[in-house]
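final-v5.pdb (PDB, C-alpha atoms and all ligand atoms)
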MODEL        1
ATOM      1  CA  MET A   1     -52.899 -29.809  96.671  1.00  0.00           C
ATOM      2  CA  SER A   2     -51.676 -31.386  93.451  1.00  0.00           C
ATOM      3  CA  PHE A   3     -48.728 -32.770  95.433  1.00  0.00           C
ATOM      4  CA  VAL A   4     -51.115 -34.677  97.668  1.00  0.00           C
ATOM      5  CA  PHE A   5     -52.976 -36.053  94.652  1.00  0.00           C
ATOM      6  CA  LEU A   6     -49.775 -37.193  92.949  1.00  0.00           C
ATOM      7  CA  SER A   7     -48.435 -38.965  95.991  1.00  0.00           C
ATOM      8  CA  CYS A   8     -51.751 -40.794  96.375  1.00  0.00           C
ATOM      9  CA  SER A   9     -51.683 -42.127  92.824  1.00  0.00           C
ATOM     10  CA  LYS A  10     -48.100 -43.298  93.199  1.00  0.00           C
ATOM     11  CA  THR A  11     -49.006 -45.273  96.305  1.00  0.00           C
ATOM     12  CA  ARG A  12     -51.936 -46.809  94.482  1.00  0.00           C
ATOM     13  CA  ALA A  13     -49.800 -47.893  91.510  1.00  0.00           C
ATOM     14  CA  ASP A  14     -47.280 -49.435  93.898  1.00  0.00           C
ATOM     15  CA  ARG A  15     -49.805 -51.738  95.496  1.00  0.00           C
ATOM     16  CA  PRO A  16     -50.432 -55.352  94.536  1.00  0.00           C
ATOM     17  CA  ILE A  17     -53.288 -55.868  92.102  1.00  0.00           C
ATOM     18  CA  ILE A  18     -55.449 -57.652  94.655  1.00  0.00           C
ATOM     19  CA  THR A  19     -56.563 -55.097  97.201  1.00  0.00           C
ATOM     20  CA  ASP A  20     -59.794 -56.899  98.042  1.00  0.00           C
ATOM     21  CA  SER A  21     -59.198 -60.505  99.045  1.00  0.00           C
ATOM     22  CA  SER A  22     -62.760 -61.483  98.090  1.00  0.00           C
ATOM     23  CA  LEU A  23     -61.563 -61.245  94.470  1.00  0.00           C
ATOM     24  CA  CYS A  24     -59.755 -64.534  95.140  1.00  0.00           C
ATOM     25  CA  ASP A  25     -62.880 -66.357  96.303  1.00  0.00           C
ATOM     26  CA  SER A  26     -63.682 -67.856  92.907  1.00  0.00           C
ATOM     27  CA  VAL A  27     -60.185 -69.149  92.115  1.00  0.00           C
ATOM     28  CA  ILE A  28     -58.469 -71.811  94.171  1.00  0.00           C
ATOM     29  CA  VAL A  29     -54.781 -71.511  93.372  1.00  0.00           C
ATOM     30  CA  SER A  30     -52.705 -74.693  93.427  1.00  0.00           C
ATOM     31  CA  TYR A  31     -49.051 -74.576  94.397  1.00  0.00           C
ATOM     32  CA  ALA A  32     -48.163 -77.545  92.169  1.00  0.00           C
ATOM     33  CA  ASN A  33     -50.295 -76.631  89.157  1.00  0.00           C
ATOM     34  CA  ASP A  34     -50.167 -72.825  89.188  1.00  0.00           C
ATOM     35  CA  ILE A  35     -47.278 -71.477  91.239  1.00  0.00           C
ATOM     36  CA  VAL A  36     -44.551 -74.009  90.377  1.00  0.00           C
ATOM     37  CA  PRO A  37     -44.980 -73.588  86.584  1.00  0.00           C
ATOM     38  CA  ILE A  38     -44.802 -69.774  86.881  1.00  0.00           C
ATOM     39  CA  LEU A  39     -41.616 -70.080  88.915  1.00  0.00           C
ATOM     40  CA  GLN A  40     -40.148 -72.648  86.525  1.00  0.00           C
ATOM     41  CA  ASN A  41     -40.862 -70.506  83.480  1.00  0.00           C
ATOM     42  CA  ASN A  42     -39.687 -67.193  84.909  1.00  0.00           C
ATOM     43  CA  CYS A  43     -37.565 -67.534  88.017  1.00  0.00           C
ATOM     44  CA  ILE A  44     -35.864 -70.888  88.605  1.00  0.00           C
ATOM     45  CA  GLY A  45     -32.917 -70.140  86.295  1.00  0.00           C
ATOM     46  CA  CYS A  46     -31.658 -67.619  88.854  1.00  0.00           C
ATOM     47  CA  HIS A  47     -33.286 -69.004  92.010  1.00  0.00           C
ATOM     48  CA  ASN A  48     -32.511 -72.706  92.412  1.00  0.00           C
ATOM     49  CA  SER A  49     -30.803 -74.884  94.998  1.00  0.00           C
ATOM     50  CA  THR A  50     -27.318 -74.460  93.497  1.00  0.00           C
ATOM     51  CA  PHE A  51     -27.711 -70.834  92.353  1.00  0.00           C
ATOM     52  CA  ALA A  52     -29.968 -69.028  94.793  1.00  0.00           C
ATOM     53  CA  SER A  53     -29.866 -65.334  93.819  1.00  0.00           C
ATOM     54  CA  GLY A  54     -30.115 -63.107  96.852  1.00  0.00           C
ATOM     55  CA  GLY A  55     -30.263 -66.312  98.948  1.00  0.00           C
ATOM     56  CA  ASN A  56     -33.657 -67.247  97.487  1.00  0.00           C
ATOM     57  CA  ASN A  57     -34.250 -70.811  96.246  1.00  0.00           C
ATOM     58  CA  TRP A  58     -37.659 -71.004  94.608  1.00  0.00           C
ATOM     59  CA  GLU A  59     -37.391 -74.786  94.160  1.00  0.00           C
ATOM     60  CA  SER A  60     -38.227 -75.024  97.850  1.00  0.00           C
ATOM     61  CA  TYR A  61     -41.878 -74.818  98.910  1.00  0.00           C
ATOM     62  CA  SER A  62     -40.894 -73.681 102.395  1.00  0.00           C
ATOM     63  CA  GLU A  63     -38.900 -70.748 100.980  1.00  0.00           C
ATOM     64  CA  VAL A  64     -41.591 -69.748  98.501  1.00  0.00           C
ATOM     65  CA  SER A  65     -44.309 -69.890 101.133  1.00  0.00           C
ATOM     66  CA  SER A  66     -42.354 -68.078 103.830  1.00  0.00           C
ATOM     67  CA  LYS A  67     -41.197 -65.319 101.442  1.00  0.00           C
ATOM     68  CA  VAL A  68     -44.382 -64.924  99.406  1.00  0.00           C
ATOM     69  CA  ASP A  69     -44.801 -61.302 100.501  1.00  0.00           C
ATOM     70  CA  GLN A  70     -41.369 -60.489  99.053  1.00  0.00           C
ATOM     71  CA  ILE A  71     -42.267 -62.319  95.848  1.00  0.00           C
ATOM     72  CA  ILE A  72     -45.485 -60.322  95.532  1.00  0.00           C
ATOM     73  CA  CYS A  73     -43.537 -57.106  96.089  1.00  0.00           C
ATOM     74  CA  ALA A  74     -40.943 -58.082  93.466  1.00  0.00           C
ATOM     75  CA  VAL A  75     -43.330 -59.186  90.719  1.00  0.00           C
ATOM     76  CA  ASN A  76     -45.413 -56.024  91.174  1.00  0.00           C
ATOM     77  CA  HIS A  77     -42.241 -53.956  90.699  1.00  0.00           C
ATOM     78  CA  ASN A  78     -42.989 -52.134  93.929  1.00  0.00           C
ATOM     79  CA  SER A  79     -40.438 -49.517  94.868  1.00  0.00           C
ATOM     80  CA  ASP A  80     -39.345 -51.078  98.184  1.00  0.00           C
ATOM     81  CA  CYS A  81     -37.881 -54.278  96.698  1.00  0.00           C
ATOM     82  CA  PHE A  82     -35.990 -55.435  93.611  1.00  0.00           C
ATOM     83  CA  SER A  83     -38.142 -55.846  90.491  1.00  0.00           C
ATOM     84  CA  MET A  84     -38.482 -59.432  89.245  1.00  0.00           C
ATOM     85  CA  PRO A  85     -38.006 -61.268  87.000  1.00  0.00           C
ATOM     86  CA  ARG A  86     -34.703 -59.470  86.746  1.00  0.00           C
ATOM     87  CA  PHE A  87     -33.799 -58.065  83.308  1.00  0.00           C
ATOM     88  CA  ALA A  88     -37.149 -59.185  81.876  1.00  0.00           C
ATOM     89  CA  ASP A  89     -40.647 -57.822  81.349  1.00  0.00           C
ATOM     90  CA  LYS A  90     -43.069 -57.717  84.223  1.00  0.00           C
ATOM     91  CA  LEU A  91     -45.227 -60.846  84.458  1.00  0.00           C
ATOM     92  CA  GLU A  92     -48.759 -60.691  83.086  1.00  0.00           C
ATOM     93  CA  ASP A  93     -51.324 -59.481  85.608  1.00  0.00           C
ATOM     94  CA  SER A  94     -53.042 -62.884  85.592  1.00  0.00           C
ATOM     95  CA  LEU A  95     -49.813 -64.522  86.791  1.00  0.00           C
ATOM     96  CA  ILE A  96     -49.186 -61.883  89.463  1.00  0.00           C
ATOM     97  CA  GLN A  97     -52.734 -62.482  90.691  1.00  0.00           C
ATOM     98  CA  LYS A  98     -51.948 -66.192  91.120  1.00  0.00           C
ATOM     99  CA  PHE A  99     -49.260 -65.338  93.679  1.00  0.00           C
ATOM    100  CA  GLU A 100     -51.566 -62.898  95.430  1.00  0.00           C
ATOM    101  CA  CYS A 101     -54.539 -65.256  95.646  1.00  0.00           C
ATOM    102  CA  TRP A 102     -52.294 -68.154  96.670  1.00  0.00           C
ATOM    103  CA  ALA A 103     -51.047 -65.990  99.567  1.00  0.00           C
ATOM    104  CA  VAL A 104     -54.581 -64.887 100.496  1.00  0.00           C
ATOM    105  CA  GLN A 105     -55.599 -68.565 100.568  1.00  0.00           C
ATOM    106  CA  GLY A 106     -52.819 -69.399 103.014  1.00  0.00           C
ATOM    107  CA  SER A 107     -49.870 -70.328 100.734  1.00  0.00           C
ATOM    108  CA  LEU A 108     -50.851 -74.007 100.892  1.00  0.00           C
ATOM    109  CA  ASN A 109     -48.728 -76.874  99.571  1.00  0.00           C
ATOM    110  CA  ASN A 110     -51.675 -77.972  97.443  1.00  0.00           C
TER     111      ASN A 110
HETATM  112  C1  LIG B   1     -31.904 -63.147  85.646  1.00  0.00           C
HETATM  113  C2  LIG B   1     -31.904 -63.651  87.013  1.00  0.00           C
HETATM  114  C3  LIG B   1     -33.160 -63.560  87.833  1.00  0.00           C
HETATM  115  C4  LIG B   1     -34.437 -63.951  87.490  1.00  0.00           C
HETATM  116  C5  LIG B   1     -34.924 -64.537  86.174  1.00  0.00           C
HETATM  117  C6  LIG B   1     -35.255 -63.753  88.655  1.00  0.00           C
HETATM  118  N1  LIG B   1     -34.505 -63.239  89.679  1.00  0.00           N
HETATM  119 FE1  LIG B   1     -35.150 -62.771  91.540  1.00  0.00          FE
HETATM  120  N2  LIG B   1     -33.307 -62.096  92.045  1.00  0.00           N
HETATM  121  C7  LIG B   1     -32.196 -62.124  91.222  1.00  0.00           C
HETATM  122  C8  LIG B   1     -31.079 -61.505  91.904  1.00  0.00           C
HETATM  123  C9  LIG B   1     -29.665 -61.356  91.348  1.00  0.00           C
HETATM  124  C10 LIG B   1     -31.558 -61.119  93.182  1.00  0.00           C
HETATM  125  C11 LIG B   1     -30.790 -60.431  94.308  1.00  0.00           C
HETATM  126  C12 LIG B   1     -31.112 -58.979  94.320  1.00  0.00           C
HETATM  127  C13 LIG B   1     -30.478 -58.266  93.169  1.00  0.00           C
HETATM  128  O1  LIG B   1     -29.243 -58.176  93.124  1.00  0.00           O
HETATM  129  O2  LIG B   1     -31.228 -57.804  92.258  1.00  0.00           O
HETATM  130  C14 LIG B   1     -32.958 -61.504  93.236  1.00  0.00           C
HETATM  131  C15 LIG B   1     -33.766 -61.264  94.313  1.00  0.00           C
HETATM  132  C16 LIG B   1     -35.094 -61.656  94.389  1.00  0.00           C
HETATM  133  C17 LIG B   1     -35.956 -61.399  95.511  1.00  0.00           C
HETATM  134  C18 LIG B   1     -35.596 -60.622  96.775  1.00  0.00           C
HETATM  135  C19 LIG B   1     -35.986 -59.184  96.483  1.00  0.00           C
HETATM  136  C20 LIG B   1     -35.484 -58.200  97.493  1.00  0.00           C
HETATM  137  O3  LIG B   1     -35.906 -57.029  97.428  1.00  0.00           O
HETATM  138  O4  LIG B   1     -34.666 -58.584  98.338  1.00  0.00           O
HETATM  139  C21 LIG B   1     -37.174 -61.927  95.223  1.00  0.00           C
HETATM  140  C22 LIG B   1     -38.417 -61.913  96.087  1.00  0.00           C
HETATM  141  C23 LIG B   1     -37.076 -62.509  93.894  1.00  0.00           C
HETATM  142  N3  LIG B   1     -35.804 -62.318  93.418  1.00  0.00           N
HETATM  143  C24 LIG B   1     -38.104 -63.127  93.242  1.00  0.00           C
HETATM  144  C25 LIG B   1     -38.056 -63.536  91.922  1.00  0.00           C
HETATM  145  C26 LIG B   1     -39.197 -64.082  91.220  1.00  0.00           C
HETATM  146  C27 LIG B   1     -40.561 -64.333  91.830  1.00  0.00           C
HETATM  147  C28 LIG B   1     -38.778 -64.322  89.938  1.00  0.00           C
HETATM  148  C29 LIG B   1     -39.604 -64.820  88.806  1.00  0.00           C
HETATM  149  C30 LIG B   1     -40.857 -64.136  88.548  1.00  0.00           C
HETATM  150  C31 LIG B   1     -37.377 -63.937  89.861  1.00  0.00           C
HETATM  151  N4  LIG B   1     -36.986 -63.465  91.072  1.00  0.00           N
HETATM  152  C32 LIG B   1     -36.608 -64.043  88.714  1.00  0.00           C
HETATM  153  C33 LIG B   1     -32.136 -62.634  89.946  1.00  0.00           C
HETATM  154  C34 LIG B   1     -33.214 -63.109  89.218  1.00  0.00           C
ENDMDL
END

Output the file's structure in the form of structure tokens.
Amino acid sequence: MSFVFLSCSKTRADRPIITDSSLCDSVIVSYANDIVPILQNNCIGCHNSTFASGGNNWESYSEVSSKVDQIICAVNHNSDCFSMPRFADKLEDSLIQKFECWAVQGSLNN
């Protein structure tokens, strides 16, 4: 029985922060004003057009928007993807939420 309980809590901890998309209703996330600065401050050094780690160039809106699920996995340090930013602390929850709400709102180029 305790095995079942433990595996449940691990799954829970592995999930993104936003499990209820209505939590994003009050915040409209902007790609230009919210997402780009987070990427510039934490990711672009290793993920740009000339040095695209793992083949990922986060200077490109089309790449960021098409791979946003992978980004959300990585910044949450989920077990089924590499943890990002690499060799650095996990992003603050408020920044991780920006990615999640941006995705919930359709990953717009806004
Ligand atoms: C110090 C360099 C570095 C930084 C900073 C960095 N990455 Fe990465 N990233 C990598 C490397 C290298 C890979 C290729 C996989 C590996 O070898 O770890 C990668 C792979 C990825 C992947 C693919 C993960 C997978 O499982 O295939 C995603 C998504 C990603 N990075 C997102 C980000 C995001 C978002 C940030 C900023 C919050 C970031 N990275 C910051 C180096 C970095």

Can you tell me which residues come within 12 Å of ligand LIG 1 (chain B) when counting all atoms listed in the file, ideally as a PyMOL selection string? chain A and resi 35-48+51-59+63-93+95-96+98-100

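Interatomic distance, CA of Asp25 in chain A against CA of Cys101 in chain A: 8.4 Å.
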
Rounded to one decimal place, report the CA of Tyr31 in chain A-CA of Asn110 in chain A distance in Å.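 Those two atoms sit 5.3 Å apart.
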
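Take CA of Cys24 in chain A and CA of Trp102 in chain A: the distance between them is 8.4 Å.
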
Quick one: of A:Ser49, A:Gly106, A:Gln97, A:Ser21, who's nearest to Asp34 in chain A, counting all atoms listed in the file?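 The closest residue to Asp34 in chain A is A:Gln97.
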
Starting from the incomplete input, reconstruct N, CA and C atoms of range 17-38 of chain A and write that as a compact mmCIF listing (two decimals), in the coordinates of the input.
# COMPACT_ATOMS: atom_id res chain seq x y z
N ILE A 17 -52.04 -55.98 92.85
CA ILE A 17 -53.29 -55.87 92.10
C ILE A 17 -54.49 -56.19 92.99
N ILE A 18 -54.33 -57.22 93.81
CA ILE A 18 -55.45 -57.65 94.66
C ILE A 18 -55.49 -56.80 95.92
N THR A 19 -56.43 -55.88 95.99
CA THR A 19 -56.56 -55.10 97.20
C THR A 19 -57.78 -55.57 97.99
N ASP A 20 -58.60 -56.38 97.38
CA ASP A 20 -59.79 -56.90 98.04
C ASP A 20 -59.72 -58.42 97.96
N SER A 21 -59.47 -59.07 99.09
CA SER A 21 -59.20 -60.50 99.04
C SER A 21 -60.40 -61.32 98.57
N SER A 22 -61.61 -60.73 98.58
CA SER A 22 -62.76 -61.48 98.09
C SER A 22 -62.65 -61.75 96.59
N LEU A 23 -61.78 -60.99 95.89
CA LEU A 23 -61.56 -61.24 94.47
C LEU A 23 -60.96 -62.63 94.24
N CYS A 24 -60.37 -63.22 95.28
CA CYS A 24 -59.76 -64.53 95.14
C CYS A 24 -60.73 -65.66 95.46
N ASP A 25 -61.94 -65.32 95.85
CA ASP A 25 -62.88 -66.36 96.30
C ASP A 25 -63.20 -67.39 95.23
N SER A 26 -63.24 -66.96 93.97
CA SER A 26 -63.68 -67.86 92.91
C SER A 26 -62.56 -68.71 92.32
N VAL A 27 -61.32 -68.43 92.69
CA VAL A 27 -60.18 -69.15 92.12
C VAL A 27 -59.38 -69.82 93.22
N ILE A 28 -59.35 -71.14 93.23
CA ILE A 28 -58.47 -71.81 94.17
C ILE A 28 -57.13 -72.04 93.47
N VAL A 29 -56.09 -71.41 94.00
CA VAL A 29 -54.78 -71.51 93.37
C VAL A 29 -54.04 -72.72 93.93
N SER A 30 -53.46 -73.50 93.03
CA SER A 30 -52.70 -74.69 93.43
C SER A 30 -51.22 -74.39 93.37
N TYR A 31 -50.51 -74.77 94.42
CA TYR A 31 -49.05 -74.58 94.40
C TYR A 31 -48.45 -75.38 93.25
N ALA A 32 -48.79 -76.67 93.17
CA ALA A 32 -48.16 -77.54 92.17
C ALA A 32 -48.55 -77.17 90.74
N ASN A 33 -49.82 -76.83 90.53
CA ASN A 33 -50.30 -76.63 89.16
C ASN A 33 -50.22 -75.19 88.67
N ASP A 34 -50.20 -74.23 89.59
CA ASP A 34 -50.17 -72.82 89.19
C ASP A 34 -48.83 -72.16 89.52
N ILE A 35 -48.45 -72.23 90.79
CA ILE A 35 -47.28 -71.48 91.24
C ILE A 35 -45.97 -72.07 90.70
N VAL A 36 -45.81 -73.39 90.83
CA VAL A 36 -44.55 -74.01 90.38
C VAL A 36 -44.28 -73.74 88.89
N PRO A 37 -45.27 -73.89 87.99
CA PRO A 37 -44.98 -73.59 86.58
C PRO A 37 -44.58 -72.12 86.34
N ILE A 38 -45.18 -71.19 87.06
CA ILE A 38 -44.80 -69.77 86.88
C ILE A 38 -43.35 -69.59 87.30
